[in-house]
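S.K.: Dropping in run-v8.tsv, with TSV, C-alpha atoms.
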chain	number	residue	atom	x	y	z
A	224	MET	CA	0.00	0.00	0.00
A	225	ARG	CA	2.98	2.32	-0.48
A	226	GLU	CA	1.40	4.18	-3.37
A	227	ASP	CA	-1.26	5.39	-0.95
A	228	GLN	CA	1.19	7.98	0.33
A	229	THR	CA	1.37	9.68	-3.05
A	230	MET	CA	-2.33	9.40	-3.68
A	231	SER	CA	-4.27	12.60	-3.41
A	232	LYS	CA	-7.03	12.77	-0.83
A	233	PHE	CA	-9.59	12.85	-3.57
A	234	SER	CA	-8.44	9.63	-5.16
A	235	LEU	CA	-8.79	7.94	-1.76
A	236	ILE	CA	-12.52	8.37	-2.23
A	237	THR	CA	-12.78	7.65	-5.95
A	238	LYS	CA	-10.72	4.46	-5.81
A	239	GLY	CA	-13.39	2.88	-3.62
A	240	LEU	CA	-16.04	3.83	-6.15
A	241	VAL	CA	-14.34	2.44	-9.23
A	242	LYS	CA	-10.85	0.92	-9.16
A	243	GLU	CA	-11.29	-0.91	-5.88
A	244	ASN	CA	-15.06	-1.18	-5.89
A	245	PRO	CA	-15.66	-3.64	-3.04
A	246	VAL	CA	-18.37	-5.60	-4.84
A	247	PHE	CA	-17.54	-5.50	-8.54
A	248	VAL	CA	-13.73	-5.54	-8.31
A	249	LEU	CA	-12.64	-6.82	-4.90
A	250	VAL	CA	-15.65	-9.19	-4.70
A	251	LEU	CA	-15.97	-8.74	-0.93
A	252	GLY	CA	-19.10	-8.78	1.21
A	253	MET	CA	-21.11	-11.05	-1.05
A	254	CYS	CA	-23.55	-12.21	1.63
A	255	PRO	CA	-25.32	-8.86	2.19
A	256	THR	CA	-24.88	-8.03	-1.49
A	257	LEU	CA	-26.85	-11.04	-2.65
A	258	ALA	CA	-29.36	-11.09	0.17
A	259	THR	CA	-30.47	-7.47	0.56
A	260	THR	CA	-30.60	-6.26	-3.04
A	261	THR	CA	-34.18	-7.34	-3.72
A	262	SER	CA	-35.03	-3.70	-4.43
A	263	ALA	CA	-33.06	-0.53	-5.10
A	264	MET	CA	-34.21	1.02	-1.83
A	265	ASN	CA	-33.07	-1.98	0.22
A	266	GLY	CA	-29.69	-1.96	-1.51
A	267	LEU	CA	-29.26	1.77	-0.90
A	268	MET	CA	-30.19	1.50	2.78
A	269	MET	CA	-27.92	-1.48	3.38
A	270	GLY	CA	-25.06	0.34	1.62
A	271	LEU	CA	-25.52	3.45	3.74
A	272	ALA	CA	-25.71	1.40	6.94
A	273	THR	CA	-22.46	-0.34	6.06
A	274	THR	CA	-20.83	2.99	5.14
A	275	PHE	CA	-21.73	4.38	8.56
A	276	VAL	CA	-20.05	1.46	10.31
A	277	LEU	CA	-17.09	1.48	7.93
A	278	ILE	CA	-16.25	5.16	8.46
A	279	LEU	CA	-16.51	5.02	12.24
A	280	SER	CA	-14.63	1.74	12.62
A	281	ASN	CA	-11.89	2.96	10.27
A	282	ILE	CA	-11.46	6.14	12.32
A	283	VAL	CA	-11.34	4.38	15.68
A	284	ILE	CA	-9.10	1.56	14.49
A	285	SER	CA	-6.61	3.95	12.91
A	286	LEU	CA	-6.41	5.75	16.26
A	287	ILE	CA	-5.96	2.70	18.49
A	288	ALA	CA	-3.94	0.51	16.11
A	289	PRO	CA	-0.46	1.68	17.27
A	290	ARG	CA	-1.24	0.66	20.83
A	291	VAL	CA	-2.91	-2.67	20.14
A	292	PRO	CA	-0.67	-5.72	20.59
A	293	ASP	CA	-0.32	-7.57	17.31
A	294	LYS	CA	-1.67	-10.91	18.52
A	295	VAL	CA	-4.99	-9.57	19.77
A	296	ARG	CA	-5.64	-7.05	17.01
A	297	ILE	CA	-8.37	-9.05	15.26
A	298	PRO	CA	-10.50	-9.53	18.41
A	299	VAL	CA	-10.04	-5.86	19.24
A	300	TYR	CA	-11.16	-4.79	15.76
A	301	ILE	CA	-14.16	-7.09	15.89
A	302	VAL	CA	-15.25	-5.71	19.25
A	303	VAL	CA	-14.97	-2.16	17.90
A	304	ILE	CA	-16.93	-3.03	14.75
A	305	ALA	CA	-19.59	-4.93	16.69
A	306	THR	CA	-20.04	-1.95	18.99
A	307	PHE	CA	-20.73	0.39	16.09
A	308	VAL	CA	-23.09	-2.08	14.47
A	309	THR	CA	-25.08	-2.42	17.69
A	310	VAL	CA	-25.23	1.36	18.07
A	311	LEU	CA	-26.46	1.62	14.48
A	312	GLN	CA	-29.05	-1.08	15.13
A	313	LEU	CA	-30.40	0.73	18.19
A	314	LEU	CA	-30.51	4.06	16.36
A	315	MET	CA	-32.37	2.55	13.41
A	316	GLN	CA	-34.85	0.79	15.70
A	317	ALA	CA	-35.52	4.09	17.44
A	318	TYR	CA	-35.64	6.54	14.56
A	319	LEU	CA	-36.15	4.52	11.33
A	320	PRO	CA	-38.36	1.61	12.45
A	321	SER	CA	-39.71	0.90	8.97
A	322	VAL	CA	-36.24	0.62	7.43
A	323	TYR	CA	-35.12	-1.48	10.35
A	324	GLU	CA	-37.97	-3.87	9.71
A	325	THR	CA	-36.95	-4.52	6.10
A	326	LEU	CA	-33.24	-4.86	6.81
A	327	GLY	CA	-33.48	-6.07	10.41
A	328	LEU	CA	-31.81	-9.43	10.01
A	329	PHE	CA	-28.93	-8.11	7.93
A	330	ILE	CA	-27.90	-5.21	10.14
A	331	PRO	CA	-26.23	-7.44	12.78
A	332	LEU	CA	-24.54	-9.29	9.93
A	333	ILE	CA	-22.54	-6.14	9.07
A	334	VAL	CA	-20.23	-7.27	11.90
A	335	VAL	CA	-19.04	-10.18	9.83
A	336	ASN	CA	-19.04	-8.28	6.55
A	337	CYS	CA	-15.50	-8.86	5.34
A	338	ILE	CA	-15.29	-5.37	3.82
A	339	VAL	CA	-15.33	-3.75	7.25
A	340	LEU	CA	-12.69	-6.01	8.80
A	341	GLY	CA	-10.81	-6.06	5.50
A	342	ARG	CA	-10.42	-2.27	5.44
A	343	ALA	CA	-9.37	-2.30	9.09
A	344	GLU	CA	-6.62	-4.81	8.33
A	345	ALA	CA	-5.56	-3.51	4.92
A	346	PHE	CA	-5.83	0.22	5.43
A	347	ALA	CA	-6.91	1.72	8.72
A	348	ASN	CA	-4.30	0.10	10.95
A	349	LYS	CA	-1.39	1.57	8.99
A	350	ASN	CA	-2.74	4.95	7.90
A	351	THR	CA	-3.66	8.22	9.58
A	352	MET	CA	-7.12	8.95	10.93
A	353	GLY	CA	-8.00	11.39	8.15
A	354	ASP	CA	-6.97	9.02	5.37
A	355	SER	CA	-8.79	6.13	7.02
A	356	ALA	CA	-11.97	8.18	7.25
A	357	LEU	CA	-11.72	9.04	3.55
A	358	ASP	CA	-11.04	5.40	2.72
A	359	GLY	CA	-14.14	4.44	4.70
A	360	ILE	CA	-16.23	6.99	2.80
A	361	GLY	CA	-14.87	5.83	-0.57
A	362	ILE	CA	-15.26	2.11	0.00
A	363	GLY	CA	-18.61	2.64	1.69
A	364	LEU	CA	-19.97	4.68	-1.20
A	365	GLY	CA	-18.60	2.12	-3.67
A	366	PHE	CA	-20.46	-0.58	-1.77
A	367	THR	CA	-23.61	1.55	-1.67
A	368	LEU	CA	-23.36	2.25	-5.40
A	369	ALA	CA	-22.94	-1.44	-6.23
A	370	LEU	CA	-25.83	-2.52	-4.01
A	371	THR	CA	-28.13	0.16	-5.38
A	372	VAL	CA	-27.34	-0.77	-8.98
A	373	ILE	CA	-27.86	-4.49	-8.35
A	374	GLY	CA	-31.06	-3.71	-6.45
A	375	LEU	CA	-32.25	-1.47	-9.28
A	376	VAL	CA	-31.66	-4.14	-11.94
A	377	ARG	CA	-33.34	-6.84	-9.87
A	378	GLU	CA	-36.27	-4.59	-9.05
A	379	ILE	CA	-36.79	-3.54	-12.67
A	380	LEU	CA	-36.64	-7.11	-13.98
A	381	GLY	CA	-38.24	-8.83	-11.01
A	382	SER	CA	-41.00	-6.50	-9.86
A	383	GLY	CA	-41.32	-4.06	-12.76
A	384	SER	CA	-40.73	-1.03	-10.56
A	385	ILE	CA	-38.04	1.57	-9.81
A	386	PHE	CA	-37.59	2.58	-6.16
A	387	GLY	CA	-41.05	1.18	-5.48
A	388	LEU	CA	-42.79	2.97	-8.37
A	389	LYS	CA	-44.44	0.43	-10.62
A	390	PHE	CA	-44.16	0.92	-14.38
A	391	ILE	CA	-45.76	-2.32	-15.55
A	392	GLU	CA	-48.92	-4.13	-14.53
A	393	GLY	CA	-48.54	-7.33	-12.57
A	394	ASP	CA	-45.32	-9.19	-11.85
A	395	GLY	CA	-41.94	-9.16	-13.53
A	396	ILE	CA	-39.58	-12.10	-13.90
A	397	LEU	CA	-40.00	-13.51	-10.41
A	398	ALA	CA	-36.68	-15.37	-10.49
A	399	PHE	CA	-34.84	-12.03	-10.27
A	400	VAL	CA	-36.32	-11.30	-6.87
A	401	MET	CA	-35.19	-14.66	-5.54
A	402	ALA	CA	-31.69	-15.93	-4.85
A	403	PRO	CA	-30.81	-17.19	-8.37
A	404	GLY	CA	-31.62	-13.76	-9.82
A	405	ALA	CA	-29.17	-12.20	-7.38
A	406	PHE	CA	-26.33	-14.33	-8.72
A	407	ILE	CA	-27.30	-13.73	-12.34
A	408	ALA	CA	-27.64	-9.96	-11.93
A	409	LEU	CA	-24.39	-9.73	-9.96
A	410	GLY	CA	-22.50	-11.81	-12.52
A	411	TYR	CA	-23.56	-9.78	-15.55
A	412	LEU	CA	-23.09	-6.45	-13.77
A	413	MET	CA	-19.58	-7.52	-12.75
A	414	VAL	CA	-18.75	-8.31	-16.37
A	415	LEU	CA	-20.11	-4.98	-17.61
A	416	PHE	CA	-18.42	-3.02	-14.82
A	417	ASN	CA	-15.01	-4.54	-15.43
A	418	LYS	CA	-15.26	-4.24	-19.20
A	419	PHE	CA	-16.37	-0.62	-19.40
A	420	VAL	CA	-15.62	1.16	-16.13
A	421	ALA	CA	-12.81	-0.34	-14.09
A	422	LYS	CA	-10.38	-1.07	-16.90
A	423	LYS	CA	-10.10	2.53	-18.16
B	188	MET	CA	3.12	-0.27	13.77
B	189	ALA	CA	1.42	-2.51	16.29
B	190	ALA	CA	2.89	-2.89	19.74
B	191	LYS	CA	4.77	-6.06	20.75
B	192	SER	CA	2.54	-8.71	22.31
B	193	THR	CA	3.14	-9.65	25.92
B	194	LEU	CA	0.61	-11.40	28.12
B	195	LEU	CA	0.19	-8.29	30.23
B	196	ASN	CA	-0.43	-5.79	27.45
B	197	MET	CA	-2.74	-8.20	25.60
B	198	VAL	CA	-4.92	-8.62	28.69
B	199	VAL	CA	-4.85	-4.91	29.45
B	200	CYS	CA	-5.63	-3.92	25.87
B	201	LEU	CA	-8.54	-6.33	25.44
B	202	SER	CA	-10.01	-5.39	28.81
B	203	ALA	CA	-9.70	-1.69	28.07
B	204	VAL	CA	-11.30	-2.01	24.64
B	205	CYS	CA	-14.17	-4.14	25.97
B	206	LEU	CA	-14.74	-1.71	28.83
B	207	ALA	CA	-14.81	1.28	26.51
B	208	CYS	CA	-17.17	-0.47	24.08
B	209	SER	CA	-19.51	-1.52	26.89
B	210	ALA	CA	-19.64	2.08	28.03
B	211	VAL	CA	-20.53	3.25	24.51
B	212	LEU	CA	-23.24	0.61	24.24
B	213	ALA	CA	-24.66	1.46	27.65
B	214	VAL	CA	-24.99	5.09	26.61
B	215	ALA	CA	-26.51	4.19	23.22
B	216	ASN	CA	-28.99	1.88	24.92
B	217	ALA	CA	-30.00	4.50	27.48
B	218	VAL	CA	-30.48	7.12	24.79
B	219	THR	CA	-32.56	4.94	22.46
B	220	LEU	CA	-34.59	3.04	25.06
B	221	GLU	CA	-37.41	5.57	25.15
B	222	PRO	CA	-37.70	6.22	21.36
B	223	ILE	CA	-37.66	2.47	20.62
B	224	ALA	CA	-40.48	1.83	23.10
B	225	GLN	CA	-42.41	4.76	21.63
B	226	ALA	CA	-41.88	3.52	18.09
B	227	GLN	CA	-43.22	0.10	19.05
B	228	VAL	CA	-46.26	1.52	20.82
B	229	ALA	CA	-46.91	3.85	17.87
B	230	LYS	CA	-46.72	0.92	15.49
B	231	THR	CA	-49.11	-1.20	17.55
B	232	ASN	CA	-51.57	1.67	17.87
B	233	ALA	CA	-51.37	2.43	14.16
B	234	SER	CA	-52.09	-1.23	13.41
B	235	ILE	CA	-55.05	-1.31	15.79
B	236	ALA	CA	-56.47	1.84	14.22
B	237	GLN	CA	-56.00	0.27	10.80
B	238	VAL	CA	-57.74	-3.03	11.52
B	239	LEU	CA	-60.70	-1.80	13.57
B	240	PRO	CA	-63.52	0.66	12.89
B	241	GLU	CA	-63.04	4.07	14.50
B	242	PHE	CA	-63.34	4.04	18.26
B	243	SER	CA	-62.77	6.49	21.09
B	244	GLY	CA	-60.42	5.96	24.01
B	245	ASP	CA	-57.59	3.47	24.28
B	246	ALA	CA	-57.71	-0.17	23.35
B	247	VAL	CA	-57.24	-2.42	26.38
B	248	LYS	CA	-54.60	-5.09	26.10
B	249	GLY	CA	-55.32	-8.61	27.20
B	250	SER	CA	-54.18	-12.13	26.51
B	251	ILE	CA	-55.94	-15.45	26.29
B	252	GLU	CA	-54.97	-19.06	25.84
B	253	TYR	CA	-56.66	-20.86	23.01
B	254	ALA	CA	-55.80	-24.37	21.79
B	255	GLY	CA	-52.57	-24.32	23.80
B	256	VAL	CA	-51.30	-21.05	22.32
B	257	ASN	CA	-51.26	-17.63	23.95
B	258	TYR	CA	-52.81	-14.80	21.96
B	259	ASP	CA	-52.39	-11.11	22.74
B	260	TYR	CA	-55.41	-9.04	21.93
B	261	TYR	CA	-56.61	-5.46	22.19
B	262	LYS	CA	-60.21	-4.74	23.07
B	263	ALA	CA	-61.65	-1.52	21.74
B	264	GLU	CA	-64.93	-0.57	23.38
B	265	GLY	CA	-67.72	-0.38	20.82
B	266	ALA	CA	-65.50	-1.42	17.92
B	267	GLY	CA	-64.36	-4.98	18.44
B	268	TYR	CA	-61.14	-6.86	18.99
B	269	ALA	CA	-57.71	-6.72	17.40
B	270	ILE	CA	-56.04	-10.11	17.72
B	271	VAL	CA	-52.33	-10.68	17.27
B	272	SER	CA	-52.21	-13.99	15.46
B	273	ASN	CA	-48.88	-15.74	14.87
B	274	VAL	CA	-48.58	-18.58	12.37
B	275	THR	CA	-45.73	-20.30	10.59
B	276	GLY	CA	-45.28	-18.89	7.11
B	277	PHE	CA	-42.99	-19.98	4.30
B	278	SER	CA	-39.92	-18.74	6.17
B	279	GLY	CA	-40.39	-18.05	9.85
B	280	THR	CA	-43.22	-16.58	11.82
B	281	LEU	CA	-45.90	-14.56	10.12
B	282	SER	CA	-47.52	-12.20	12.60
B	283	VAL	CA	-50.85	-10.75	11.56
B	284	MET	CA	-53.13	-8.40	13.46
B	285	VAL	CA	-56.74	-9.25	12.71
B	286	GLY	CA	-59.48	-6.78	13.50
B	287	VAL	CA	-62.81	-8.43	14.28
B	288	ASP	CA	-65.89	-6.23	14.59
B	289	LEU	CA	-68.81	-6.74	16.95
B	290	ASN	CA	-70.68	-8.89	14.40
B	291	GLY	CA	-67.80	-11.36	14.28
B	292	ASN	CA	-66.74	-10.26	10.79
B	293	VAL	CA	-63.20	-9.42	9.80
B	294	HIS	CA	-62.88	-5.65	9.58
B	295	ASN	CA	-59.32	-5.46	8.29
B	296	THR	CA	-55.93	-7.13	8.72
B	297	ALA	CA	-52.38	-5.82	9.07
B	298	VAL	CA	-49.07	-7.66	8.95
B	299	LEU	CA	-47.00	-6.93	12.06
B	300	ALA	CA	-43.93	-8.98	11.19
B	301	GLN	CA	-43.02	-11.29	8.34
B	302	SER	CA	-39.94	-12.73	6.69
B	303	GLU	CA	-41.56	-14.19	3.58
B	304	THR	CA	-39.76	-14.23	0.23
B	305	PRO	CA	-39.48	-10.67	-1.12
B	306	GLY	CA	-41.52	-10.26	-4.29
B	307	LEU	CA	-43.51	-13.43	-3.65
B	308	GLY	CA	-44.85	-14.22	-0.18
B	309	ALA	CA	-44.00	-10.73	1.02
B	310	LYS	CA	-46.83	-9.50	-1.20
B	311	CYS	CA	-49.16	-10.50	1.64
B	312	THR	CA	-48.45	-7.02	3.00
B	313	GLU	CA	-49.79	-5.43	-0.17
B	314	GLU	CA	-53.25	-4.15	-0.91
B	315	GLY	CA	-53.84	-6.61	-3.77
B	316	PHE	CA	-53.94	-9.55	-1.41
B	317	ALA	CA	-55.03	-8.07	1.90
B	318	ALA	CA	-58.03	-6.11	0.53
B	319	GLN	CA	-60.11	-9.23	0.00
B	320	PHE	CA	-60.35	-9.90	3.75
B	321	ARG	CA	-61.96	-6.54	4.49
B	322	GLY	CA	-65.47	-7.16	5.72
B	323	TRP	CA	-65.04	-10.94	5.41
B	324	ASP	CA	-68.10	-12.69	6.84
B	325	PRO	CA	-67.04	-16.22	7.87
B	326	ALA	CA	-70.67	-17.35	7.73
B	327	VAL	CA	-70.91	-16.52	4.01
B	328	LYS	CA	-67.44	-17.12	2.63
B	329	VAL	CA	-65.12	-20.03	3.39
B	330	LEU	CA	-61.76	-19.06	4.91
B	331	ALA	CA	-59.44	-21.24	2.81
B	332	VAL	CA	-57.48	-20.65	-0.37
B	333	LYS	CA	-59.23	-21.59	-3.62
B	334	LYS	CA	-56.86	-24.52	-4.11
B	335	ASP	CA	-58.24	-25.97	-0.86
B	336	GLY	CA	-61.84	-25.31	-1.82
B	337	GLY	CA	-62.27	-21.95	-0.10
B	338	ASP	CA	-62.87	-18.39	-1.29
B	339	VAL	CA	-59.45	-16.81	-0.72
B	340	ASP	CA	-57.50	-15.67	-3.78
B	341	ALA	CA	-53.94	-16.86	-3.08
B	342	ILE	CA	-50.84	-14.86	-4.04
B	343	THR	CA	-49.36	-16.15	-7.29
B	344	ALA	CA	-46.68	-18.78	-6.55
B	345	SER	CA	-47.09	-18.26	-2.79
B	346	THR	CA	-49.75	-20.73	-1.71
B	347	ILE	CA	-47.95	-21.51	1.55
B	348	THR	CA	-47.89	-17.87	2.61
B	349	SER	CA	-51.51	-17.43	1.56
B	350	ARG	CA	-52.53	-20.50	3.56
B	351	ALA	CA	-50.65	-19.22	6.60
B	352	TYR	CA	-52.31	-15.81	6.35
B	353	THR	CA	-55.72	-17.42	6.03
B	354	LEU	CA	-55.02	-19.65	9.01
B	355	ALA	CA	-53.99	-16.61	11.05
B	356	ILE	CA	-57.38	-15.04	10.36
B	357	ALA	CA	-59.27	-18.24	11.10
B	358	ASN	CA	-57.43	-18.59	14.42
B	359	ALA	CA	-58.19	-14.98	15.29
B	360	LEU	CA	-61.91	-15.51	14.63
B	361	ALA	CA	-61.88	-18.57	16.87
B	362	VAL	CA	-60.08	-16.61	19.59
B	363	VAL	CA	-62.67	-13.84	19.45
B	364	LYS	CA	-65.44	-16.42	19.92
B	365	GLU	CA	-63.54	-17.73	22.93
B	366	ILE	CA	-63.13	-14.23	24.39
B	367	THR	CA	-66.78	-13.27	23.94
B	368	ALA	CA	-67.88	-16.62	25.40
B	369	ASN	CA	-65.70	-16.00	28.47
B	370	GLU	CA	-66.91	-12.45	28.86
B	371	GLY	CA	-70.53	-13.51	28.52
B	372	GLY	CA	-69.86	-15.97	31.34
B	373	SER	CA	-68.27	-13.40	33.64
B	374	ASP	CA	-71.08	-10.90	33.01
B	375	ASN	CA	-73.61	-13.34	34.41
B	376	GLU	CA	-71.77	-13.74	37.69
What's the structure tokens form of this structure?

M.R.:
Amino acid sequence: MREDQTMSKFSLITKGLVKENPVFVLVLGMCPTLATTTSAMNGLMMGLATTFVLILSNIVISLIAPRVPDKVRIPVYIVVIATFVTVLQLLMQAYLPSVYETLGLFIPLIVVNCIVLGRAEAFANKNTMGDSALDGIGIGLGFTLALTVIGLVREILGSGSIFGLKFIEGDGILAFVMAPGAFIALGYLMVLFNKFVAKK
Amino acid sequence: MAAKSTLLNMVVCLSAVCLACSAVLAVANAVTLEPIAQAQVAKTNASIAQVLPEFSGDAVKGSIEYAGVNYDYYKAEGAGYAIVSNVTGFSGTLSVMVGVDLNGNVHNTAVLAQSETPGLGAKCTEEGFAAQFRGWDPAVKVLAVKKDGGDVDAITASTITSRAYTLAIANALAVVKEITANEGGSDNE
């Protein structure tokens, strides 16, 4: 990660969106990606929830990393991440009950989302607080973007609606709302993304 | 870079981190306790208002055992009963609030919690399916999906969810009969 030092602050954010997009390029965090993208709104909300945790855990881990003994760093990171996830869960339950209801099951699973721990290990524990925060924003937005796009495609094909607004009568191709459709949509989007966007 | 690991600093570090995190969680819990409780009460009240005809005052909560299962219900004076009916859906518990008016007809239903397949069984929360139960008179129409010889239009490709939903309503109607029978008994005392 030596080239990070020469990277401008701005590219710290954009690399998460395109070059190191967590879903389409790094292929991390597949469980929430496949499970929560049944609609564009669900994908967007899940992405934002993960971004929240990612930014905060990156900041805290970059601050405490120099003092954490090497052998216990993973448990320490997990405790920090789990704390933020629980805080997020409580806040959502209190102030966004309807969103919490749709995503409920998958919010606690952010703890084991490998993107969050992956960024802690690969970036936050050897970079400054400011850079780690930017990295969290970039990767988080990249994840949000990917989830929203997958959700959008699945919603259009599966339910015939965009962000809940129906544009056809009746049902779409039901398979796209179910698990197989998640794999198919993800696979084709990954191909398109890598062919046209990431390789530039 | 990371500090060298010795038994002492590992124990100290882990304890310190856990202590700090517990403190954060305690604060978060204290702050959100009240809003979460309010949100839940608001949701329950909204559901009661949705499934029953208009009534004045507060619905009174009660619970009753019927066929070995405990049912929570809300009694609204002059309007009827809202029964919380839990059944097993296609994936996990399907919790439906069923409003039963004073004539023993279904006034309306509302899904409280469900984890059915999105796009298929989850359509039980939508108007297209739920509207048919409004004003359902069990004496006239049979509470069973058409596949089973009843009058309920099932959700396409989600017969199991539709059956569960129908069962939830049937259970709620039976519970209301039980409640009114009990109350009739206590009135005579």

S.K.: If you count only C-alpha atoms, which residues fall within 8 Å of Asn265 (chain A), apart from same-chain ones fewer than 5 positions away, as a ChimeraX atom specification?

M.R.: /A:259-260,325-326,371,374

S.K.: What is the CA of Ser278 (chain B)-CA of Cys254 (chain A) distance in Å, reported with one decimal?

M.R.: 18.2 Å

S.K.: Which neighbours of Arg350 (chain B) fall inside 9 Å, counting only C-alpha atoms, when residues of the same chain fewer than 6 positions from it are skipped, and could you give them as a ChimeraX atom specification?

M.R.: /B:276,331-332,339,341

S.K.: B:Ala361, B:Met284, B:Ala266, B:Val274: which is nearest Ser349 (chain B), counting all atoms listed in the file?

M.R.: B:Val274

S.K.: Which of these residues is nearest to Ile287 (chain A), using only C-alpha atoms: A:Val299, A:Leu388, A:Ala272, A:Ala405?

M.R.: A:Val299

S.K.: Quick one: pull the distance between CA of Tyr300 (chain A) and CA of Ala317 (chain A), Å, one decimal.

M.R.: 26.0 Å

S.K.: With only C-alpha atoms considered, list every residue of chain A at most 9 Å from chain B, as a PyMOL selection string.

M.R.: chain A and resi 261-262+288-296+298-299+302-303+305-307+309-310+313-320+324-325+348-349+381-382+394+397+400-401

S.K.: Select, from B:Ala355, B:Ile342, B:Ala233, B:Val287, the residue with the minimum atom-to-atom distance to Trp323 (chain B), counting all atoms listed in the file.

M.R.: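 Of all the options, B:Val287 lies closest to Trp323 (chain B).
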
S.K.: Give me the residues within 7 Å of Ile270 (chain B) as a ChimeraX atom specification, counting only C-alpha atoms and dropping any in the same chain fewer than 3 places off.

M.R.: /B:259-261,284-286,359

S.K.: Hey, what's within 10 Å of Asn257 (chain B) if we count all atoms listed in the file and toss same-chain stuff fewer than 6 positions away? As a VMD selection string, please?

M.R.: chain B and resid 250 to 251 271 to 273 362

S.K.: How would you write as a ChimeraX atom specification the residues that get within 12 Å of (-13.1, 1.8, -11.7) in the file's frame, counting all atoms listed in the file?

M.R.: /A:234,236-249,361-362,365,369,413,415-423

S.K.: Restricted to C-alpha atoms, what would the selected residues look like written as an mmCIF file, keeping the file's coordinate frame?

M.R.:
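File written: result_4.cif
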data_model
loop_
_atom_site.group_PDB
_atom_site.id
_atom_site.type_symbol
_atom_site.label_atom_id
_atom_site.label_comp_id
_atom_site.auth_asym_id
_atom_site.auth_seq_id
_atom_site.Cartn_x
_atom_site.Cartn_y
_atom_site.Cartn_z
ATOM 1 C CA SER A 234 -8.440 9.630 -5.160
ATOM 2 C CA ILE A 236 -12.520 8.370 -2.230
ATOM 3 C CA THR A 237 -12.780 7.650 -5.950
ATOM 4 C CA LYS A 238 -10.720 4.460 -5.810
ATOM 5 C CA GLY A 239 -13.390 2.880 -3.620
ATOM 6 C CA LEU A 240 -16.040 3.830 -6.150
ATOM 7 C CA VAL A 241 -14.340 2.440 -9.230
ATOM 8 C CA LYS A 242 -10.850 0.920 -9.160
ATOM 9 C CA GLU A 243 -11.290 -0.910 -5.880
ATOM 10 C CA ASN A 244 -15.060 -1.180 -5.890
ATOM 11 C CA PRO A 245 -15.660 -3.640 -3.040
ATOM 12 C CA VAL A 246 -18.370 -5.600 -4.840
ATOM 13 C CA PHE A 247 -17.540 -5.500 -8.540
ATOM 14 C CA VAL A 248 -13.730 -5.540 -8.310
ATOM 15 C CA LEU A 249 -12.640 -6.820 -4.900
ATOM 16 C CA GLY A 361 -14.870 5.830 -0.570
ATOM 17 C CA ILE A 362 -15.260 2.110 0.000
ATOM 18 C CA GLY A 365 -18.600 2.120 -3.670
ATOM 19 C CA ALA A 369 -22.940 -1.440 -6.230
ATOM 20 C CA MET A 413 -19.580 -7.520 -12.750
ATOM 21 C CA LEU A 415 -20.110 -4.980 -17.610
ATOM 22 C CA PHE A 416 -18.420 -3.020 -14.820
ATOM 23 C CA ASN A 417 -15.010 -4.540 -15.430
ATOM 24 C CA LYS A 418 -15.260 -4.240 -19.200
ATOM 25 C CA PHE A 419 -16.370 -0.620 -19.400
ATOM 26 C CA VAL A 420 -15.620 1.160 -16.130
ATOM 27 C CA ALA A 421 -12.810 -0.340 -14.090
ATOM 28 C CA LYS A 422 -10.380 -1.070 -16.900
ATOM 29 C CA LYS A 423 -10.100 2.530 -18.160
#

S.K.: For the atom pair CA of Glu365 (chain B) and CA of Glu241 (chain B), what is the interatomic distance in Å to one decimal place?

M.R.: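 Separation between CA of Glu365 (chain B) and CA of Glu241 (chain B): 23.4 Å.
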
S.K.: Give me the residues near region 311-322 of chain B as number ranges by chain, where near means some atom within 7 Å (using only C-alpha atoms) and where sequence neighbours in that chain fewer than 3 positions away do not count.

M.R.: B: 292-296, 298, 308, 342

S.K.: Selection from above, C-alpha atoms, as a PDB file, in the frame of the given file, can you write it?

M.R.:
ATOM      1  CA  ASN B 292     -66.740 -10.260  10.790  1.00  0.00           C
ATOM      2  CA  VAL B 293     -63.200  -9.420   9.800  1.00  0.00           C
ATOM      3  CA  HIS B 294     -62.880  -5.650   9.580  1.00  0.00           C
ATOM      4  CA  ASN B 295     -59.320  -5.460   8.290  1.00  0.00           C
ATOM      5  CA  THR B 296     -55.930  -7.130   8.720  1.00  0.00           C
ATOM      6  CA  VAL B 298     -49.070  -7.660   8.950  1.00  0.00           C
ATOM      7  CA  GLY B 308     -44.850 -14.220  -0.180  1.00  0.00           C
ATOM      8  CA  ILE B 342     -50.840 -14.860  -4.040  1.00  0.00           C
TER       9      ILE B 342
END

S.K.: Which residue, A:Ile373, A:Leu380, A:Ile396, A:Leu368, has the smallest gap to Gly410 (chain A) when you use all atoms listed in the file?

M.R.: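 Nearest to Gly410 (chain A): A:Ile373.
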